[in-house]
>>> print(open('structure_4.csv').read())   # CSV, C-alpha atoms
chain,number,residue,atom,x,y,z
A,1,MET,CA,274.5,52.5,233.2
A,2,ALA,CA,275.9,56.0,233.7
A,3,SER,CA,273.5,58.9,234.2
A,4,ARG,CA,273.1,61.4,231.4
A,5,ALA,CA,274.9,64.7,231.5
A,6,SER,CA,272.8,67.7,232.2
A,7,SER,CA,273.2,68.9,228.6
A,8,GLU,CA,271.8,65.6,227.4
A,9,ALA,CA,268.8,65.8,229.6
A,10,PRO,CA,265.6,67.1,228.1
A,11,ALA,CA,265.0,70.8,228.3
A,12,ALA,CA,262.4,72.1,230.8
A,13,GLY,CA,259.0,71.0,229.6
A,14,CYS,CA,260.6,68.8,226.8
A,15,SER,CA,260.6,65.1,226.4
A,16,VAL,CA,263.4,65.2,223.9
A,17,PRO,CA,267.1,66.0,224.6
A,18,VAL,CA,268.7,69.2,223.3
A,19,PRO,CA,270.4,68.3,220.0
A,20,ALA,CA,274.2,68.8,219.6
A,21,LEU,CA,275.3,71.1,216.8
A,22,PRO,CA,278.6,71.1,214.9
A,23,ARG,CA,281.1,73.5,216.6
A,24,LEU,CA,278.6,74.5,219.3
A,25,GLY,CA,277.7,71.2,220.9
A,26,ARG,CA,274.7,71.7,223.2
A,27,THR,CA,275.9,75.0,224.4
A,28,TRP,CA,273.7,76.9,222.0
A,29,TYR,CA,270.6,76.2,224.1
A,30,ARG,CA,271.6,78.2,227.2
A,31,ARG,CA,274.1,80.5,225.5
A,32,GLY,CA,276.2,80.8,228.6
A,33,ALA,CA,279.9,81.1,229.0
A,34,PRO,CA,280.8,77.8,227.3
A,35,TYR,CA,278.8,79.0,224.2
A,36,TRP,CA,280.5,82.3,224.0
A,37,LEU,CA,283.9,80.7,224.6
A,38,ARG,CA,283.3,78.4,221.6
A,39,ARG,CA,282.2,81.4,219.5
A,40,ALA,CA,285.3,83.3,220.6
A,41,ARG,CA,287.6,80.4,219.8
A,42,THR,CA,286.0,80.2,216.3
A,43,THR,CA,286.5,83.9,215.9
A,44,VAL,CA,290.2,83.8,216.9
A,45,PHE,CA,290.9,80.9,214.6
A,46,VAL,CA,289.1,82.5,211.6
A,47,VAL,CA,290.8,85.9,212.1
A,48,LEU,CA,294.2,84.2,212.2
A,49,ALA,CA,293.3,82.2,209.1
A,50,MET,CA,292.1,85.4,207.4
A,51,ALA,CA,295.4,87.1,208.3
A,52,LEU,CA,297.5,84.3,207.0
A,53,PHE,CA,295.4,84.0,203.8
A,54,SER,CA,295.7,87.8,203.3
A,55,LEU,CA,299.5,87.7,203.8
A,56,PHE,CA,299.7,84.9,201.3
A,57,ALA,CA,297.5,86.8,198.8
A,58,LEU,CA,299.6,89.9,199.2
A,59,GLY,CA,302.8,88.0,198.8
A,60,LEU,CA,301.5,86.3,195.6
A,61,TYR,CA,300.3,89.6,194.3
A,62,GLU,CA,303.7,91.2,195.1
A,63,GLY,CA,305.4,88.5,192.9
A,64,VAL,CA,303.1,89.4,190.0
A,65,ARG,CA,303.4,93.1,190.6
A,66,ASP,CA,307.2,93.0,190.4
A,67,LEU,CA,306.9,91.8,186.8
A,68,LEU,CA,305.1,95.0,185.8
A,69,PRO,CA,306.8,98.2,184.6
A,70,SER,CA,307.0,100.9,187.2
A,71,THR,CA,304.5,103.2,185.6
A,72,VAL,CA,301.9,100.4,185.3
A,73,ARG,CA,302.4,99.4,189.0
A,74,VAL,CA,300.9,102.6,190.3
A,75,VAL,CA,297.8,102.3,188.2
A,76,TRP,CA,297.5,98.5,188.9
A,77,ASP,CA,297.8,99.1,192.7
A,78,GLY,CA,295.1,101.7,192.5
A,79,VAL,CA,292.9,99.3,190.6
A,80,GLN,CA,293.6,96.6,193.2
A,81,VAL,CA,292.7,98.9,196.1
A,82,ALA,CA,289.4,99.9,194.4
A,83,ALA,CA,288.6,96.3,193.5
A,84,SER,CA,289.4,95.1,197.1
A,85,VAL,CA,287.1,97.7,198.6
A,86,VAL,CA,284.3,96.7,196.2
A,87,ALA,CA,285.0,93.0,196.8
A,88,LEU,CA,284.9,93.4,200.6
A,89,VAL,CA,281.5,95.1,200.5
A,90,TRP,CA,280.2,92.6,197.9
A,91,GLY,CA,281.3,89.7,200.1
A,92,ALA,CA,279.7,91.2,203.2
A,93,VAL,CA,276.4,91.9,201.4
A,94,ALA,CA,276.3,88.4,199.8
A,95,GLN,CA,276.9,86.7,203.2
A,96,ARG,CA,274.3,88.9,204.9
A,97,ARG,CA,271.8,88.0,202.2
A,98,GLU,CA,272.5,84.3,202.4
A,99,HIS,CA,272.3,84.4,206.2
A,100,ARG,CA,268.9,86.1,206.0
A,101,GLU,CA,267.6,83.5,203.5
A,102,ALA,CA,269.0,80.7,205.7
A,103,LEU,CA,267.1,82.1,208.7
A,104,LEU,CA,263.8,81.9,206.8
A,105,ASP,CA,264.2,78.2,206.3
A,106,PRO,CA,266.8,77.1,209.0
A,107,PRO,CA,268.0,73.5,208.9
A,108,ASP,CA,267.0,71.0,211.5
A,109,PRO,CA,269.8,69.3,213.5
A,110,ALA,CA,269.8,66.2,211.2
A,111,ARG,CA,270.2,68.4,208.1
A,112,THR,CA,272.9,70.5,209.8
A,113,ALA,CA,274.9,67.3,210.6
A,114,ARG,CA,274.5,66.0,207.0
A,115,ALA,CA,275.7,69.4,205.6
A,116,LYS,CA,278.7,69.3,207.9
A,117,ARG,CA,279.6,65.7,206.9
A,118,ASP,CA,279.2,66.7,203.2
A,119,HIS,CA,281.3,69.8,203.7
A,120,ASP,CA,284.1,67.8,205.4
A,121,ARG,CA,284.0,65.2,202.6
A,122,ARG,CA,284.4,67.9,199.8
A,123,VAL,CA,287.2,69.9,201.5
A,124,PRO,CA,290.2,67.9,200.3
A,125,GLY,CA,289.1,68.1,196.6
A,126,ARG,CA,288.4,71.8,196.9
A,127,ILE,CA,291.9,72.4,198.4
A,128,ALA,CA,293.5,70.5,195.5
A,129,LEU,CA,291.5,72.5,193.0
A,130,GLY,CA,292.2,75.8,194.8
A,131,ARG,CA,296.0,75.3,194.5
A,132,GLY,CA,295.8,75.3,190.7
A,133,LEU,CA,293.4,78.3,190.6
A,134,VAL,CA,295.5,80.4,192.9
A,135,LEU,CA,298.2,80.6,190.3
A,136,LEU,CA,295.7,81.9,187.7
A,137,ALA,CA,294.2,84.3,190.2
A,138,ALA,CA,297.5,85.8,191.4
A,139,PRO,CA,297.0,89.2,189.7
A,140,VAL,CA,293.7,89.7,191.6
A,141,MET,CA,294.4,87.9,194.8
A,142,PRO,CA,294.0,91.0,197.1
A,143,ALA,CA,290.4,91.5,195.8
A,144,PHE,CA,289.7,87.8,196.3
A,145,ALA,CA,291.1,87.9,199.8
A,146,ALA,CA,288.9,91.0,200.5
A,147,TYR,CA,285.8,89.1,199.3
A,148,VAL,CA,286.6,86.2,201.6
A,149,ALA,CA,287.3,88.5,204.5
A,150,GLY,CA,284.0,90.3,204.0
A,151,ARG,CA,282.0,87.0,204.0
A,152,LEU,CA,283.8,85.7,207.1
A,153,LEU,CA,283.5,88.9,209.0
A,154,VAL,CA,279.7,88.9,208.6
A,155,TRP,CA,279.5,85.2,209.3
A,156,LEU,CA,281.4,85.8,212.6
A,157,THR,CA,279.3,88.7,213.8
A,158,VAL,CA,275.7,87.3,213.3
A,159,ARG,CA,273.6,87.1,216.4
A,160,GLU,CA,272.4,83.5,215.7
A,161,TYR,CA,273.5,80.9,213.2
A,162,PRO,CA,270.9,79.3,211.1
A,163,SER,CA,271.7,75.9,212.6
A,164,GLU,CA,270.8,77.3,216.0
A,165,ALA,CA,267.5,78.7,214.7
A,166,GLY,CA,266.7,75.4,213.1
A,167,ALA,CA,267.5,73.4,216.2
A,168,ARG,CA,265.4,75.8,218.3
A,169,ARG,CA,262.4,75.3,216.0
A,170,TRP,CA,263.0,71.5,215.9
A,171,LEU,CA,263.1,71.5,219.7
A,172,GLU,CA,259.9,73.6,220.1
A,173,GLU,CA,258.1,71.4,217.5
A,174,HIS,CA,259.1,68.2,219.3
A,175,ALA,CA,258.4,69.6,222.8
A,176,THR,CA,254.8,70.6,221.9
A,177,ARG,CA,253.9,67.1,220.6
A,178,PRO,CA,252.4,64.7,223.1
A,179,ALA,CA,254.8,62.0,224.2
A,180,ALA,CA,252.6,59.2,222.5
A,181,GLN,CA,253.1,60.7,219.0
A,182,GLN,CA,256.9,60.8,219.2
>>> encode(input="structure_4.csv", output="structure tokens")
Amino acid sequence: MASRASSEAPAAGCSVPVPALPRLGRTWYRRGAPYWLRRARTTVFVVLAMALFSLFALGLYEGVRDLLPSTVRVVWDGVQVAASVVALVWGAVAQRREHREALLDPPDPARTARAKRDHDRRVPGRIALGRGLVLLAAPVMPAFAAYVAGRLLVWLTVREYPSEAGARRWLEEHATRPAAQQ
């Protein structure tokens, strides 16, 4: 039998291995270079996705805007700018509030894995539903894109994800138990 990798070995003083988390693996425990490289990779991917989504939203909005009379366009553009600023702040505040609540009751590693599986299973249906709703939301797509950008920017800049806090608590709880009770 092959020996366990160092990341699979129990943490110092622990009799249980460090749990792997989605997108972070076991790097969350030490928070060294591999951890920050994974966080940077996620950030780059999300920023690129936000840029593409924003370009798509602006292109869709531009198509709707061209249908408006020229006098209404100026007013509508001003409304969109104001709505986008409000939506950006609203998205950031909503995400910050959800993050704070999630840190109060962080998920353990099993609950994190279940949530990731459930999310992955729901994504195709949400994509199909989103395609139809995008056409209805075309007049307000810049504000919607700003809301999503606000949420994602806060999500990317948190110090610790709730899944990390939950895994750390789980690890501390299981490390303090005597080996006979596990």
>>> atom_distance(input="structure_4.csv", atom1="atom CA of Arg111 of chain A", atom2="atom CA of Ser163 of chain A")
8.9 Å
>>> residues_around(input="structure_4.csv", residues="segment 35-38 of chain A", least_positions_apart="5", cutoff="9 Å", atoms="only C-alpha atoms", output="PyMOL selection string")
chain A and resi 23-30+43
>>> write_last_selection(input="structure_4.csv", atoms="C-alpha atoms", output="compact mmCIF listing (two decimals), in the frame of the given file")
# COMPACT_ATOMS: atom_id res chain seq x y z
CA ARG A 23 281.10 73.50 216.60
CA LEU A 24 278.60 74.50 219.30
CA GLY A 25 277.70 71.20 220.90
CA ARG A 26 274.70 71.70 223.20
CA THR A 27 275.90 75.00 224.40
CA TRP A 28 273.70 76.90 222.00
CA TYR A 29 270.60 76.20 224.10
CA ARG A 30 271.60 78.20 227.20
CA THR A 43 286.50 83.90 215.90
>>> atom_distance(input="structure_4.csv", atom1="atom CA of Pro139 of chain A", atom2="atom CA of Val74 of chain A")
14.0 Å
>>> residues_near_point(input="structure_4.csv", point="(302.6, 91.9, 190.7)", cutoff="12 Å", atoms="only C-alpha atoms", output="PyMOL selection string")
chain A and resi 57-70+72-77+80+137-142
>>> closest_residue(input="structure_4.csv", among="A:Ala33, A:Val44, A:Val18, A:Ala87", to="Ala145 of chain A", atoms="all atoms listed in the file")
A:Ala87
>>> residues_around(input="structure_4.csv", residues="Leu152 of chain A", least_positions_apart="4", cutoff="12 Å", atoms="all atoms listed in the file", output="MDAnalysis selection string")
chainID A and resid 42:51 88:89 91:96 99 145:148 156:158
>>> atom_distance(input="structure_4.csv", atom1="atom CA of Pro107 of chain A", atom2="atom CA of Ala165 of chain A")
7.8 Å
>>> closest_residue(input="structure_4.csv", among="A:Leu135, A:Arg126, A:Asp108, A:Ala20", to="Ala167 of chain A", atoms="all atoms listed in the file")
A:Asp108
>>> closest_residue(input="structure_4.csv", among="A:Ala115, A:Val123, A:Leu103, A:Leu129", to="Arg159 of chain A", atoms="all atoms listed in the file")
A:Leu103
